[in-house]
Amino acid sequence: MGDATNNQTNVNSLREKRAARELQNAGGKGGKADKTKLLVTCLGMSNYKVGWKGVGRITWMYSPGHFYMQVQGDRDTRQFEGMMGKLQEHMTEGKDDVSTHWNKGQVVAAKWTDNCWYRGQVVNNKGGKMEIFFVDFGNTEKVEQGDVTGLPAEFGQMDCQAVRVGLARVEGDWDTVGDKLAKYFNMETYKVEVVSAKDKDGTFLVQLYGGDIGRGMVKDKVARSREESGEKGEGKKGRKGRKEKDVSSDSDARSENSQGKGSKGEKMVRSESVQDKLGKTERQRKAGKLFTAGDFPAIPSTVHVGTTVTGLVSHCNSWREFWLQPQSGLAIEMRDKLNEEQEDGMLLGKVVKSIEIGECCLACWDSVWYRATVTEKKDGGLVRVQFVDFGNSKTLSLGDVRDGDFALYETGPAALRCKLDNKVENFERVLEGQEFKVTVRVRSFKENIFTVKLEKEKKGKNKKGKKERSESGGELGGGARLEVTVVHVERVDRVWVVPKDRFPELEKMMVELASWLEEEQNKVHVDKVEVDMLCCVEFSEDGEMYRCRVVGVEEGVAEVEYIDYGNCEEVEVGDILELPQRFRDLEPAGVVVRVRGASLAMDGEKQRKRLETALGGERVSLLVENGEGVFWSEGEKVELGKALKFKEETVNMFQLAGSPRVDCIVSYAEAETVWLVSKELQSALDRLMEKLQDKAKGQGKAGRVVVGDLVIARFSQDKSFYRAKVMKVMGHRVEVHYIDFGNKEVVEVGGLKVLPQEFRLHPGYAMQGVVDNTGDCRMLGPGEVMDLVGVAKQVTAELVQPRGGVVRLYLGGERVGCQPLAQGAGLKLPSTRLRLGEVWLGLITTASSQGMAVQNIMAAAGVTASLGMCEKEVVRVVVGSVYIQDTEGGPRRVVVQEAGRGQISLCAMDSQQIETVPVSTALYSCLPRQHSTPPAAITCASLTTKTKDRYQVPGRLMLVSVSNNSLKLVETNWKISASFSSEKLAPSPLNFPLLFTQDPTLLSITKHTTLLSIQLPLISWSSCLLSQVRDLVVQAGLQVVFHPGSIVSRTYSIVELPDILSKLDLFATTGLPPAVTAVSTKLSFLQSFTEDRQDPDHTQQVTGGDQTTVTVHPTLPSHQTTVTVHPTLPSLLVVTDTDCQYHVVAVAGTVAALRYGDRPGNTLPHSDTTQQALLTNTAVGDLCLYTDGITDHRAVVTDISEEHSDVWLVDTGVAVVCDPTELFTIPTNLCTQPPAVFTVNIRGSHSLVAGDDITGKVTVADSGLELLLG
C-alpha cells in the first residue's frame, strides 16, 4: 500500500515522509552503537494452562514425543506473518549488527539457504558455522557466521511461535517405526488440547483431535499406550530418558535430516509460505474456498467476495437461503440447449440405472430438462436432485434422470447459494416487487454459502450521498488516456489507481483529517460497527489516519478497505473512529481497474512486485476500454510478457501451498514418474482450458517452430486444444509436451497454432515428480494407476527430496507407490507391433474408466503353445522380472510387480490382468526366446465419449483394426439360432464365418448380424445349458479354448456339434436338467439365442399364468371369448366351440401357440433403436420391444437376471433368451393391435409340429383354453 512509486509529489510520498520522520525520531542521529542498543536480548515464551484448546499446525517433527507447533489464533498468525514480511524488508536495507563473537543463548536474526531471514537463538558458535535454533519453527540448523546479525527491537515484541509439545498417553521406539508415522501427521492443522503443564524440558503434553491420533497409533501398533497417571507421575529418570532421546533426535535432525522428515525442501516451502502469504487477499486466495454443487466445476469464492453483483433470484426458500444467478442468460441458454430438438439424441444421453450422491446428471421436471446433481438417494428407485442452474430441488424417479454428454458438465453452476447478512421482512414480496432482480454486495463466503448485503435501488447517489464507484474502471478517462498513479496491486489482473488530477484534493483532505483528529475531543469511537459504514482508522504501517469502509465484522475484529488506496486491513473494533460528515462527501480517490490480458497470469508475490515496479514510473497513464485497462509508463506501453515473466517451466505446488504436503490429482503417469496438479489450481486450469478452446479457433498456424517454443496443439484423443512445448523437431512432425498435464505426443507441424501472449503468462500447471517406492507402501499396478488418472482421484503428495522432485503419494491415508512394469535385470519387454490395416480378433480382459486391455486371442494362443514346451526351473523372485507361472488354465507369462507381506503381485503379460498370490507360489524361469515374444495384450484409452463404447465389459469379443493413429474396436454381433428335433444329429463341421480374414472391409459388415443355425436334440433345455453350448460352438469355430485367467490355447482337431453335446451328457437327464458346471470360462460376447422353447412348464407359465387371462363376457356371443396377453395390448377375440382353421406357430409338450389360418402375423418394421430408450428397472411382466438386429418384436418379459432376460414374443409365440441391452421401451403406436397368437392346451395325444395347418375346436376349461383336434 503506497509503495508502487517513488514520486515525491503523489500521495504515496505523504506516507513515506511520515514513516521516515518516525524512523528518524526513533533512531536519532546515532550510528552503529545506537542501533546496537535497540537489539533484542531475549524473547518471551508462550505458556498454556491445562485444558487449553485450540487449533495448531506442526512446524517441525522430530518424533511424536518431541515436535513443535504453532498454536496461535488467526489474528496472531496475521501479526506474525506481517512481522516476518517487515523483517525481510528491514534486512534488505542493511544488517544492524554483524559480530563474530556470539554467545550461546543470544537472540539473533539468521538467514537460511532460501535467502529469507528468521528469528533465532544461538545454540553453538564453534567452528566455521553457527548452530541456530529457529524459535518460530523449532528446527536447529548450521548457518554461516556472515548470515547472522542482531535482531532489531521492533521484532522482539512477539513471543516465540514454536511451542515444544509431545503426544500424550503414547510411547514407542520412534526410531524404528520410520515412515509408518507419516499418515498420522500429514494434515495442515490439528485440534489441540493441552493435558499437562510444561515440564523441565519445556514440553507440553497434548492431545490431537481429542486423542484420536494417539489411539489410532496404538491400534495400528505403531505406539504403545501409557496410562495418564503414569505420565503425570513421571519421575526424573523418565524425563532424563526422554531428554536423552530428544537430544539424539535433535542431533539426527541437524545432520542434514537424513530420514527425510524435515528436508531442506520442506524448510524452503515453509519459508516461501511466509513470503507468499503477506497479504490477506493472497491468504484468502490460497485458502481454496470454493463454491461447489456436486461434481460440477467449483467456483472460487474470491471471484465474487467483495464485489457487487446484479442478477436474478431463481429460487428462494427464505432470506437465509436463496439462489442468485449472476448471469441469468447462462442458465437460460443451457436449459434451451438441452431441450432443443436433436437429431442423434446423444446430448441427453441414456437413462441411468443407478447413480451416486454428488454425480452430475440431467433431470426432467415438468417435461423440461435441466442440469442437476444428486443430493439424496431414496427407496423405490427415487432420487432427490438439485437443479444447479436454478437452485430448486425435486424428488424424481431414475427414469427421469440421464447421464448426458460430458461436455455439459464443464461449465460451473449458474446459480449461487446466498443468504442475507440481516433479516429482511417479507423478503419474497420484496423480490416480487423487483421482478426478482436484485443487486447485492457479496460480503463473505462460509460453509458453501455467500453472505450478501441487499443494495437498495439507487439513482446516481448511494445512501452515503456519493456516486457509486465503478468496480472495473467504468468510464474512467472517457475513452481517452488518463494520467494515474498505481497505489495498490491487489492481483496481477486487478490494480487500484488514483487519477493525477485528484491528488491536490486528496492531499488537502488528508491534511485536514490529520489536523481534525489531533484534538482528543474529536476522536469519537464508533459505538456499533456495521458493514458498509464509512469510518476512520489508523493504518498499522505509518500510524496515520485514513478514510475506510467496513467490509466485514466478526468476533471483535473488523476488516476495512481504505477507499482512497484499495488495500484492506483487519483492525480491532475498538480502534474504529467516526468519520466526520464533511469527509464522507468526498468521492473515494481509488478506482479498481482490471488489467487487460492478465486474467490468466500467475498471481504470486513476485509477479505482483514486478507489476508494481513496471507501473511505478513518474509518468503512468491508463486507457480503459470495455472495463479493462491498458497502461503506459514513461511513454511506452507496459508489456505484460516482460512484467509478469517467470523462470519456472511448471508451477511448484508445494511452494504455492506453503506446505510440504499438498492435495492434488495425478494428471499423467509414466512408470514411477507422475505429473501432479494441485487441487487449488484446478479451477484456474479449467478456466484457462475453456478460454483456450474459443481462442484457438481463430489463431493462425505456428509455421516454423524450434525446440522450446510454446504453441497450441490439438490432442489426438479428445481433439481438444492444449498448451504445449516443442521438445523435438523431426521434419514435418514434432514431439510436444502438454505442459498442463504432463503427457507427450508426436503431431504434425501443420496442426500447431500460435499461442497468444495472455496464455504464456502462467507456467505449466502439471508438476513433475518421481514417486518414492522405498519403504512400506502398497504398489499400484498399471491398471490401478490408469484408473487413478482417469477418475482424477485425489491424492496427497509429500515432498521428500526437492532437488530430485521425489514425492510420496498417499491415497485414502495409505501410502502408495508406482512400480514400473517389467524393468528387471536391465531388460525391457519387446513392444507389440501394430501393422497398419491389420484386422484381428480381440478379447477385452480388463476395463476401467480410463481405458482397457485388449488381448489378441490368436497371439495369446501361440504364446500358450510355446510356453508348454519349456523345461521348468523354479527360481527366486525378483521384482520387475518376467517368469512363467503354471495355473489351472495353463502356463502364462507374468511380471512380478511387488513382493512382500507374504504375497506377490503379478501382472499377466498377455492379458494385463493383476493378481495377488501367496509368496509360496512357484514361478519358473523365462527363457530369452520366450521373453522376447511381444505381449499378446495391449492397453488403450477410449477415444469416444459414448458411454456404451467407453466402458466396455470384460469378456466381450471385438474386431480390432489399426488405423493411422489409433485402434478401431468394433463389437462382434454373432447369434446362434437353435432348432430342435428328435432326429439323430448328423456329424458335420461347424460352418461359422467368424473372421480369419485380413480384409478391412469386414469392419463395415459387422454392423449386421452373423447368424449360425444349429440343430439340437428335442429335450428339456435351460438357459444355463444353452449358454454352455453357445460358448463351445464359438470356441470350435475359432479353434481355440478359453481357460480361466484369460489364457487361450489352440485346438488342432475339427470339433463337430455331436462332440460338443457329448461333453454335456445331455441324454442322461430326464425332465429339466439341474444346473451343469460350465466346462469353460463363460463368455458374454454373444448377445442372444433364439430357440423354439421346449419347457412345457415354463411355456404354460407364460401363456396360461399371470400373463394371459381368458375372460368370457356376457355381452359377447356364446361362441366367442377374449384373451388378454398384457394389460397394455388390446384383447384377442377367440372363437370357441366351433371348428376353425389354425396355423401352429410353436409346440412345447402339450402346449401349442396358434394363429388363425386366415390371419397374417403382425410384422413390425425394423426401427432405429438408437432413438428408443433402453428398458430400465426391468421386471417380470413388462411389455417391451425386442430386436434381433433384423426384425422388431413385441415381447413380454418372463424372467430376468443380471446377464439374461427371458421374453415371450406375443406375435410369434416364441420364447427368447436375450441380453438386457436388446430390450427397449415400446412406442404407444405399436400397442394398438392385439397379439397375433394365443396358446392352448392340447387335449389327448398329438403329433403336432411347428408349421402345421390344422382344423380344430377351442373350448374354455378351468385351466384355460383347450384344443380338440378334429
# chains A, B, ... in the order shown; residues from 1 in each chain; ligands from 1
$ residues_around --residues "Val877 of chain A" --least-positions-apart "4" --cutoff "8 Å" --atoms "only C-alpha atoms" --output "list in words"
Ser881, Val896 and Leu923 of chain A
$ residues_around --residues "Thr310 of chain A" --least-positions-apart "2" --cutoff "9 Å" --atoms "only C-alpha atoms" --output "NGL selection string"
:A and (308 or 312 or 324-327 or 437-441)
$ residues_around --residues "Thr292 of chain A" --least-positions-apart "3" --cutoff "10 Å" --atoms "only C-alpha atoms" --output "PyMOL selection string"
chain A and resi 289+295-301+388+412-413+416-417+448-449
$ write_last_selection --atoms "N, CA, C and O atoms" --output "mmCIF file, in the first residue's frame"
data_model
loop_
_atom_site.group_PDB
_atom_site.id
_atom_site.type_symbol
_atom_site.label_atom_id
_atom_site.label_comp_id
_atom_site.auth_asym_id
_atom_site.auth_seq_id
_atom_site.Cartn_x
_atom_site.Cartn_y
_atom_site.Cartn_z
ATOM 1 N N LYS A 289 -11.109 -21.651 -0.901
ATOM 2 C CA LYS A 289 -12.541 -21.619 -0.654
ATOM 3 C C LYS A 289 -13.281 -21.671 -1.985
ATOM 4 O O LYS A 289 -13.147 -20.771 -2.800
ATOM 5 N N ASP A 295 -20.420 -32.650 -8.353
ATOM 6 C CA ASP A 295 -19.182 -32.802 -9.106
ATOM 7 C C ASP A 295 -19.006 -31.758 -10.190
ATOM 8 O O ASP A 295 -18.089 -31.868 -11.010
ATOM 9 N N PHE A 296 -19.875 -30.746 -10.248
ATOM 10 C CA PHE A 296 -19.701 -29.681 -11.232
ATOM 11 C C PHE A 296 -18.442 -28.873 -10.892
ATOM 12 O O PHE A 296 -18.002 -28.855 -9.736
ATOM 13 N N PRO A 297 -17.835 -28.202 -11.884
ATOM 14 C CA PRO A 297 -16.639 -27.400 -11.598
ATOM 15 C C PRO A 297 -16.910 -26.387 -10.491
ATOM 16 O O PRO A 297 -17.924 -25.700 -10.489
ATOM 17 N N ALA A 298 -15.974 -26.334 -9.536
ATOM 18 C CA ALA A 298 -16.139 -25.426 -8.408
ATOM 19 C C ALA A 298 -15.830 -23.989 -8.825
ATOM 20 O O ALA A 298 -15.045 -23.748 -9.748
ATOM 21 N N ILE A 299 -16.443 -23.039 -8.128
ATOM 22 C CA ILE A 299 -16.266 -21.618 -8.416
ATOM 23 C C ILE A 299 -15.523 -20.993 -7.242
ATOM 24 O O ILE A 299 -15.990 -21.064 -6.102
ATOM 25 N N PRO A 300 -14.334 -20.411 -7.459
ATOM 26 C CA PRO A 300 -13.612 -19.770 -6.356
ATOM 27 C C PRO A 300 -14.452 -18.647 -5.748
ATOM 28 O O PRO A 300 -15.022 -17.822 -6.463
ATOM 29 N N SER A 301 -14.505 -18.631 -4.430
ATOM 30 C CA SER A 301 -15.304 -17.597 -3.770
ATOM 31 C C SER A 301 -14.728 -16.210 -3.999
ATOM 32 O O SER A 301 -15.454 -15.215 -3.974
ATOM 33 N N VAL A 388 -28.771 -27.243 -10.648
ATOM 34 C CA VAL A 388 -27.646 -26.388 -10.285
ATOM 35 C C VAL A 388 -27.702 -25.007 -10.927
ATOM 36 O O VAL A 388 -27.027 -24.091 -10.461
ATOM 37 N N GLY A 412 -19.484 -24.436 -14.735
ATOM 38 C CA GLY A 412 -19.913 -24.451 -13.347
ATOM 39 C C GLY A 412 -21.376 -24.068 -13.192
ATOM 40 O O GLY A 412 -22.045 -23.650 -14.147
ATOM 41 N N PRO A 413 -21.923 -24.201 -11.973
ATOM 42 C CA PRO A 413 -23.322 -23.866 -11.723
ATOM 43 C C PRO A 413 -23.604 -22.399 -12.045
ATOM 44 O O PRO A 413 -22.777 -21.514 -11.806
ATOM 45 N N LEU A 416 -25.846 -19.273 -7.554
ATOM 46 C CA LEU A 416 -25.057 -19.266 -6.326
ATOM 47 C C LEU A 416 -25.976 -19.287 -5.113
ATOM 48 O O LEU A 416 -26.982 -18.575 -5.070
ATOM 49 N N ARG A 417 -25.620 -20.098 -4.129
ATOM 50 C CA ARG A 417 -26.401 -20.180 -2.887
ATOM 51 C C ARG A 417 -26.000 -19.007 -1.993
ATOM 52 O O ARG A 417 -24.836 -18.821 -1.676
ATOM 53 N N ASN A 448 -20.086 -23.072 2.164
ATOM 54 C CA ASN A 448 -20.682 -23.183 0.831
ATOM 55 C C ASN A 448 -21.880 -22.258 0.622
ATOM 56 O O ASN A 448 -22.798 -22.577 -0.136
ATOM 57 N N ILE A 449 -21.872 -21.106 1.262
ATOM 58 C CA ILE A 449 -22.939 -20.128 1.059
ATOM 59 C C ILE A 449 -22.339 -18.727 1.124
ATOM 60 O O ILE A 449 -21.473 -18.444 1.956
#
$ residues_around --residues "segment 1182-1192 of chain A" --least-positions-apart "2" --cutoff "6 Å" --atoms "only C-alpha atoms" --output "PyMOL selection string"
chain A and resi 1164+1166+1179-1180+1194-1197+1222-1226
$ write_last_selection --atoms "C-alpha atoms" --output "mmCIF file, in the first residue's frame"
data_model
loop_
_atom_site.group_PDB
_atom_site.id
_atom_site.type_symbol
_atom_site.label_atom_id
_atom_site.label_comp_id
_atom_site.auth_asym_id
_atom_site.auth_seq_id
_atom_site.Cartn_x
_atom_site.Cartn_y
_atom_site.Cartn_z
ATOM 1 C CA LEU A 1164 -43.204 -54.665 -37.364
ATOM 2 C CA HIS A 1166 -37.228 -52.565 -38.206
ATOM 3 C CA ALA A 1179 -39.437 -56.507 -14.109
ATOM 4 C CA VAL A 1180 -41.307 -59.680 -14.991
ATOM 5 C CA ARG A 1194 -43.381 -57.049 -29.271
ATOM 6 C CA ALA A 1195 -42.437 -59.059 -26.200
ATOM 7 C CA VAL A 1196 -43.366 -59.720 -22.576
ATOM 8 C CA VAL A 1197 -40.577 -60.252 -20.016
ATOM 9 C CA GLU A 1222 -31.654 -55.673 -26.605
ATOM 10 C CA LEU A 1223 -34.849 -54.589 -24.863
ATOM 11 C CA PHE A 1224 -36.285 -51.120 -25.471
ATOM 12 C CA THR A 1225 -39.342 -49.193 -24.389
ATOM 13 C CA ILE A 1226 -42.207 -49.819 -26.798
#
$ residues_around --residues "Thr864 of chain A" --least-positions-apart "2" --cutoff "9 Å" --atoms "only C-alpha atoms" --output "list of chain:residue names"
A:Ala859, A:Ala860, A:Ala861, A:Gly862, A:Ser866, A:Leu867, A:Gly868, A:Gly890, A:Pro891, A:Arg892, A:Arg893, A:Ile1047, A:Val1048, A:Ser1049, A:Arg1050
